[in-house]
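The structure appears below as structure tokens.
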Amino acid sequence: MSGGACRSSEPEHASDGGSRYRLRDLFTPLDTLLVSGGDPRLALDPEDRVNAYGCAASPEPEIWNFASSTASTISQGAYDRAAQAREELMHKCLFDEVEVAFDARCEDMRDELRRHLQLSPRVDVVFSPSGTDSQLHALLLARTILGARPVTIVVGADQTGSGTIHTARGHHFSSMTSSGVAVRKDGAVAGLAGASLALPLREAAPGIATRADADAAVLHAVEAAIAQGAPVLLQIMDSSKLGWRAPSAACLDEIARRWPRQVQIVVDACQARLGRRRLRSYLDRGYMVLITGSKFFGGPAFSGALLVPKGLSRSLDRGEGIAPGIFDYAGRCDWPVAWTALRSRFERRPNFGQWLRWEAALAEIGNYYAVPAVSRAEMLAELAAGIDSMIALSPSLRSVPTPTAIDTADADDEEFAQATIFPFTLLRDGKPVSIAETWAVHRALARDMSEEMSGSTADREIAAQRCLVGQPVRLEREDETPQAVLRLCVGARLVTEAWSPDMVKARRNVQHVLDRIAHVLVKIELLLDRGAAATVPAKSAFEV
């Protein structure tokens, strides 16, 4: 897990002969460490001390979290896990170099993640500061696997992270890398730049629905790229910002049949809203998988990983021909220990922020899968039914369809046969409100709006509650006014906190979650009715 800006293939050392990264670095305040080692999205606003997604570095239990499609505040349990992990590493560093002890801990975390996800020990894990960084790692590895610079085809380009448009063609997605190197956003990453093609998922016809020709569009794009003599890195979606998945399994089978060894597939599973059986099936087919601990699982933003099946990793451990720009996006500890040749090219620089965010995420992942599978499925089903019903009954909200898949859901979906993202448009007089007003409502939900709200004491009490929902997703189509949807999200932590071996208590806890969601929807209606949301200042740099 990388940290510094040096690109040397050997670790630097301080003038006194000691390690460049000393024990004292771990004494940095925990809150500061948790927001370090990432790109500018992690930076805390100097006034309200939250990042671009409205999340602070320390627990804020008074805020209700329904924003796991975007980012969640760190829980007290995850925060405690990070604090304990730091203490344990400090102790180990008394007997070994910081880099050595840190590297060993990263290997242990790979094992822990594989156990939680029930993955084979043969699956390799490449850690990163975010899913966006992991996309660059996937592009680097695809070049080695395919033996040439590929064309990247992004399925669901209209519903993935905003940085994907840059990483798909090997460009910088921000003005600064996680290692602290200033770069030009959308400038080429040295040695990694190439062509890309975006395939949207949304239907061109009126309404908001999955395009019916998604499979055909994917096949056509792959065929055209290969006809031009280029191999393909095909980034498929499972699942998107709206909970959609594409292309179908039949389409993927057709690609494997027609173009063996010419197409490398990477699955965008950064939302982590897929069953463990489905995850294993992707890896068994030789796909790489992008995942995070900071979306569904509710760890602090950001924590990314690239899962690599063993059949591919055998061909990856080469130190030759590596794109030099990737040194700004990874350190030696990010790569599995078994990849000795590749690792030797990178500096041994610990990224303490990335590591601690993953420690926190692993606590959440472990807690979620400690809940019995039947209980997880039942709670997600009950929450889905309740949320769907409440949105349908609201005069100010219009639900957006959220198909789990183009093809029929099957046993591999497990509990994720149920929707966990619930997008909706905001209405006034039966018509969608503007994108600007949707953003204003999103900001106002995260604030105590009681002072701006006229009306009864009950209304002001509702307006006072701070809550996070998924950031607006902008939807554009030719000949129509762009609009945006908000998202209520069910994350792992809601399940973890609601579960109890006492089924009566568990049902009561789930009802309590639904009561909170009803409260959020009422606050939205009050904000729309009173126009109070417009009083909250915009942060346009992040509203894209």
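By order in the structure tokens, chains are A, B, ...; within a chain, residues start at 1; ligands start at 1, following the order shown.
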Please build the interface table for segment 252-333 of chain A against segment 363-387 of chain A with a cut-off of 9 Å, listing for each qualifying residue the nearest atom pair and the distance in Å to one decimal; count only C-alpha atoms, order rows by chain and increasing number, and write it as CSV.
residue,atom,partner,partner_atom,distance
A:Gly293,CA,A:Ile365,CA,7.5
A:Phe297,CA,A:Ile365,CA,5.8
A:Gly298,CA,A:Glu364,CA,6.7
A:Gly299,CA,A:Glu364,CA,6.4
Those selected residues, please, written with N, CA and C atoms and delivered as an mmCIF file, in the first residue's frame.
data_model
loop_
_atom_site.group_PDB
_atom_site.id
_atom_site.type_symbol
_atom_site.label_atom_id
_atom_site.label_comp_id
_atom_site.auth_asym_id
_atom_site.auth_seq_id
_atom_site.Cartn_x
_atom_site.Cartn_y
_atom_site.Cartn_z
ATOM 1 N N GLY A 293 -14.087 -1.878 -0.304
ATOM 2 C CA GLY A 293 -14.642 -2.116 1.027
ATOM 3 C C GLY A 293 -15.454 -0.938 1.515
ATOM 4 N N PHE A 297 -20.213 -2.470 1.764
ATOM 5 C CA PHE A 297 -19.736 -2.925 3.073
ATOM 6 C C PHE A 297 -19.627 -1.796 4.089
ATOM 7 N N GLY A 298 -19.567 -0.551 3.640
ATOM 8 C CA GLY A 298 -19.653 0.578 4.567
ATOM 9 C C GLY A 298 -18.369 0.969 5.245
ATOM 10 N N GLY A 299 -17.220 0.501 4.742
ATOM 11 C CA GLY A 299 -15.966 1.003 5.271
ATOM 12 C C GLY A 299 -15.768 2.447 4.863
#
Per-residue DSSP, segment 209-337 of chain A, filtered to strand (DSSP E), as a PDB file with N, CA and C atoms, in the first residue's frame:
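File written: states15.pdb
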ATOM      1  N   VAL A 232      -8.771  -6.531 -26.546  1.00  0.00           N
ATOM      2  CA  VAL A 232      -9.782  -5.762 -25.819  1.00  0.00           C
ATOM      3  C   VAL A 232      -9.707  -6.042 -24.329  1.00  0.00           C
ATOM      4  N   LEU A 233      -9.749  -4.976 -23.548  1.00  0.00           N
ATOM      5  CA  LEU A 233     -10.043  -5.070 -22.120  1.00  0.00           C
ATOM      6  C   LEU A 233     -11.491  -4.653 -21.969  1.00  0.00           C
ATOM      7  N   LEU A 234     -12.357  -5.622 -21.657  1.00  0.00           N
ATOM      8  CA  LEU A 234     -13.796  -5.374 -21.556  1.00  0.00           C
ATOM      9  C   LEU A 234     -14.167  -5.225 -20.088  1.00  0.00           C
ATOM     10  N   GLN A 235     -14.573  -4.010 -19.706  1.00  0.00           N
ATOM     11  CA  GLN A 235     -14.993  -3.756 -18.332  1.00  0.00           C
ATOM     12  C   GLN A 235     -16.507  -3.878 -18.263  1.00  0.00           C
ATOM     13  N   ILE A 236     -16.970  -4.938 -17.604  1.00  0.00           N
ATOM     14  CA  ILE A 236     -18.410  -5.168 -17.489  1.00  0.00           C
ATOM     15  C   ILE A 236     -18.900  -4.670 -16.140  1.00  0.00           C
ATOM     16  N   MET A 237     -20.215  -4.602 -15.969  1.00  0.00           N
ATOM     17  CA  MET A 237     -20.796  -3.940 -14.807  1.00  0.00           C
ATOM     18  C   MET A 237     -21.587  -4.911 -13.929  1.00  0.00           C
ATOM     19  N   ASP A 238     -21.238  -4.930 -12.636  1.00  0.00           N
ATOM     20  CA  ASP A 238     -21.996  -5.727 -11.668  1.00  0.00           C
ATOM     21  C   ASP A 238     -21.716  -5.176 -10.252  1.00  0.00           C
ATOM     22  N   ARG A 245     -26.870  -4.504 -14.018  1.00  0.00           N
ATOM     23  CA  ARG A 245     -25.759  -5.397 -14.383  1.00  0.00           C
ATOM     24  C   ARG A 245     -25.836  -5.712 -15.872  1.00  0.00           C
ATOM     25  N   ALA A 246     -24.683  -5.711 -16.536  1.00  0.00           N
ATOM     26  CA  ALA A 246     -24.630  -6.021 -17.971  1.00  0.00           C
ATOM     27  C   ALA A 246     -23.182  -6.288 -18.369  1.00  0.00           C
ATOM     28  N   VAL A 263      -9.650 -11.194 -25.623  1.00  0.00           N
ATOM     29  CA  VAL A 263     -10.436 -10.313 -24.759  1.00  0.00           C
ATOM     30  C   VAL A 263     -10.171 -10.673 -23.307  1.00  0.00           C
ATOM     31  N   GLN A 264      -9.738  -9.688 -22.529  1.00  0.00           N
ATOM     32  CA  GLN A 264      -9.616  -9.867 -21.085  1.00  0.00           C
ATOM     33  C   GLN A 264     -10.749  -9.099 -20.423  1.00  0.00           C
ATOM     34  N   ILE A 265     -11.491  -9.780 -19.576  1.00  0.00           N
ATOM     35  CA  ILE A 265     -12.635  -9.156 -18.913  1.00  0.00           C
ATOM     36  C   ILE A 265     -12.264  -8.764 -17.498  1.00  0.00           C
ATOM     37  N   VAL A 266     -12.668  -7.550 -17.127  1.00  0.00           N
ATOM     38  CA  VAL A 266     -12.566  -7.102 -15.742  1.00  0.00           C
ATOM     39  C   VAL A 266     -13.964  -6.672 -15.307  1.00  0.00           C
ATOM     40  N   VAL A 267     -14.385  -7.142 -14.157  1.00  0.00           N
ATOM     41  CA  VAL A 267     -15.730  -6.872 -13.651  1.00  0.00           C
ATOM     42  C   VAL A 267     -15.679  -5.682 -12.707  1.00  0.00           C
ATOM     43  N   ASP A 268     -16.459  -4.654 -13.011  1.00  0.00           N
ATOM     44  CA  ASP A 268     -16.602  -3.535 -12.088  1.00  0.00           C
ATOM     45  C   ASP A 268     -17.620  -3.935 -11.025  1.00  0.00           C
ATOM     46  N   ALA A 269     -17.104  -4.493  -9.935  1.00  0.00           N
ATOM     47  CA  ALA A 269     -17.950  -4.864  -8.797  1.00  0.00           C
ATOM     48  C   ALA A 269     -17.626  -3.962  -7.612  1.00  0.00           C
ATOM     49  N   MET A 288     -10.718 -10.678 -14.079  1.00  0.00           N
ATOM     50  CA  MET A 288     -10.299  -9.871 -12.946  1.00  0.00           C
ATOM     51  C   MET A 288     -11.539  -9.172 -12.375  1.00  0.00           C
ATOM     52  N   VAL A 289     -11.494  -8.824 -11.096  1.00  0.00           N
ATOM     53  CA  VAL A 289     -12.660  -8.202 -10.455  1.00  0.00           C
ATOM     54  C   VAL A 289     -12.204  -6.992  -9.645  1.00  0.00           C
ATOM     55  N   LEU A 290     -12.850  -5.858  -9.894  1.00  0.00           N
ATOM     56  CA  LEU A 290     -12.634  -4.642  -9.106  1.00  0.00           C
ATOM     57  C   LEU A 290     -13.629  -4.630  -7.959  1.00  0.00           C
ATOM     58  N   ILE A 291     -13.134  -4.377  -6.752  1.00  0.00           N
ATOM     59  CA  ILE A 291     -14.024  -4.373  -5.594  1.00  0.00           C
ATOM     60  C   ILE A 291     -13.560  -3.294  -4.622  1.00  0.00           C
ATOM     61  N   THR A 292     -14.447  -2.864  -3.755  1.00  0.00           N
ATOM     62  CA  THR A 292     -14.072  -1.924  -2.701  1.00  0.00           C
ATOM     63  C   THR A 292     -14.668  -2.370  -1.376  1.00  0.00           C
ATOM     64  N   GLY A 304      -9.732   0.274  -2.253  1.00  0.00           N
ATOM     65  CA  GLY A 304      -9.939  -0.507  -3.460  1.00  0.00           C
ATOM     66  C   GLY A 304      -9.097  -1.768  -3.494  1.00  0.00           C
ATOM     67  N   ALA A 305      -9.509  -2.701  -4.340  1.00  0.00           N
ATOM     68  CA  ALA A 305      -8.726  -3.920  -4.542  1.00  0.00           C
ATOM     69  C   ALA A 305      -9.046  -4.497  -5.910  1.00  0.00           C
ATOM     70  N   LEU A 306      -8.047  -5.124  -6.495  1.00  0.00           N
ATOM     71  CA  LEU A 306      -8.212  -5.869  -7.743  1.00  0.00           C
ATOM     72  C   LEU A 306      -7.978  -7.332  -7.423  1.00  0.00           C
ATOM     73  N   LEU A 307      -8.989  -8.169  -7.696  1.00  0.00           N
ATOM     74  CA  LEU A 307      -8.883  -9.610  -7.484  1.00  0.00           C
ATOM     75  C   LEU A 307      -8.431 -10.244  -8.794  1.00  0.00           C
ATOM     76  N   VAL A 308      -7.385 -11.060  -8.708  1.00  0.00           N
ATOM     77  CA  VAL A 308      -6.768 -11.629  -9.905  1.00  0.00           C
ATOM     78  C   VAL A 308      -6.730 -13.151  -9.783  1.00  0.00           C
TER      79      VAL A 308
END
- request: Any chance you could list, as a list in words, the residues in segment 302-353 of chain A that come up helix (DSSP H, G or I) when DSSP is run on the backbone?
  value: Lys310, Gly311, Leu312, Ser313, Pro324, Gly325, Ile326, Phe327, Asp328, Tyr329, Arg332, Cys333, Asp334, Thr340, Ala341, Leu342, Arg343, Phe352 and Gly353 of chain A
query: Between A:Thr425, A:Ser450, A:Ser162, A:Thr210, which one has atoms that come closest to Pro472 of chain A, using only C-alpha atoms?
result: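 Looking at the shortest contact to Pro472 of chain A, the residue is A:Thr425.
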message: Neighbouring residues of Gln354 of chain A were defined as those with any atom within 7 Å, considering only C-alpha atoms; residues of the same chain fewer than 3 positions away were excluded. Please report them as a list of chain:residue names.
response: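 Contacts, with the query itself left out: A:Met1, A:Gly37, A:Pro129, A:Ser303, A:Asn351, A:Arg357, A:Trp358.
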task: Name the residues in contact with segment 83-98 of chain A at a cut-off of 12 Å, using only C-alpha atoms, excluding same-chain residues fewer than 5 positions from it; report them as JSON, numbers by chain.
output: {"A": [11, 13, 17, 18, 19, 20, 21, 22, 23, 24, 25, 26, 27, 28, 29, 30, 31, 33, 34, 58, 76, 77, 78, 103, 104, 105, 106, 108, 109, 333, 348, 349, 350, 351, 352, 353, 355, 356, 357, 358, 359, 360, 362, 363]}
Residue nearest Ser399 of chain A among A:Arg487, A:Ile435, A:Val155, A:Ala534 (counting only C-alpha atoms):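 Among the listed residues, the smallest separation from Ser399 of chain A belongs to A:Arg487.
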Contacts of Asp186 of chain A within 9 Å, only C-alpha atoms, excl. fewer than 6 positions in-chain, as a list in words: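 Near neighbours after the sequence-gap exclusion: Ile165, His166, Thr167, Gly170, His171, His172, Phe173, Ser174 and Ser175 of chain A.
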Deliver the residues from the most recent selection as a file, using C-alpha atoms, as a PDB file, in the first residue's frame.
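Written file, again02.pdb:
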ATOM      1  CA  ILE A 165     -13.586   8.023 -18.469  1.00  0.00           C
ATOM      2  CA  HIS A 166      -9.941   8.830 -17.705  1.00  0.00           C
ATOM      3  CA  THR A 167      -8.620   5.525 -16.372  1.00  0.00           C
ATOM      4  CA  GLY A 170      -4.793   5.227 -19.164  1.00  0.00           C
ATOM      5  CA  HIS A 171      -5.081   8.861 -18.127  1.00  0.00           C
ATOM      6  CA  HIS A 172      -4.829  10.559 -14.741  1.00  0.00           C
ATOM      7  CA  PHE A 173      -8.241  10.859 -13.085  1.00  0.00           C
ATOM      8  CA  SER A 174      -7.293  13.626 -10.646  1.00  0.00           C
ATOM      9  CA  SER A 175      -4.794  16.424 -10.178  1.00  0.00           C
TER      10      SER A 175
END
field: Among the residues A:Cys251, A:Val469, A:Val151, A:Ala157, the one that comes closest to Ala225 of chain A [using only C-alpha atoms]
entry: A:Val151
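In terms of minimum interatomic distance to Pro309 of chain A, A:Asp124 ranks closest within A:Glu497, A:Glu452, A:Asp502, A:Asp124, counting only C-alpha atoms.
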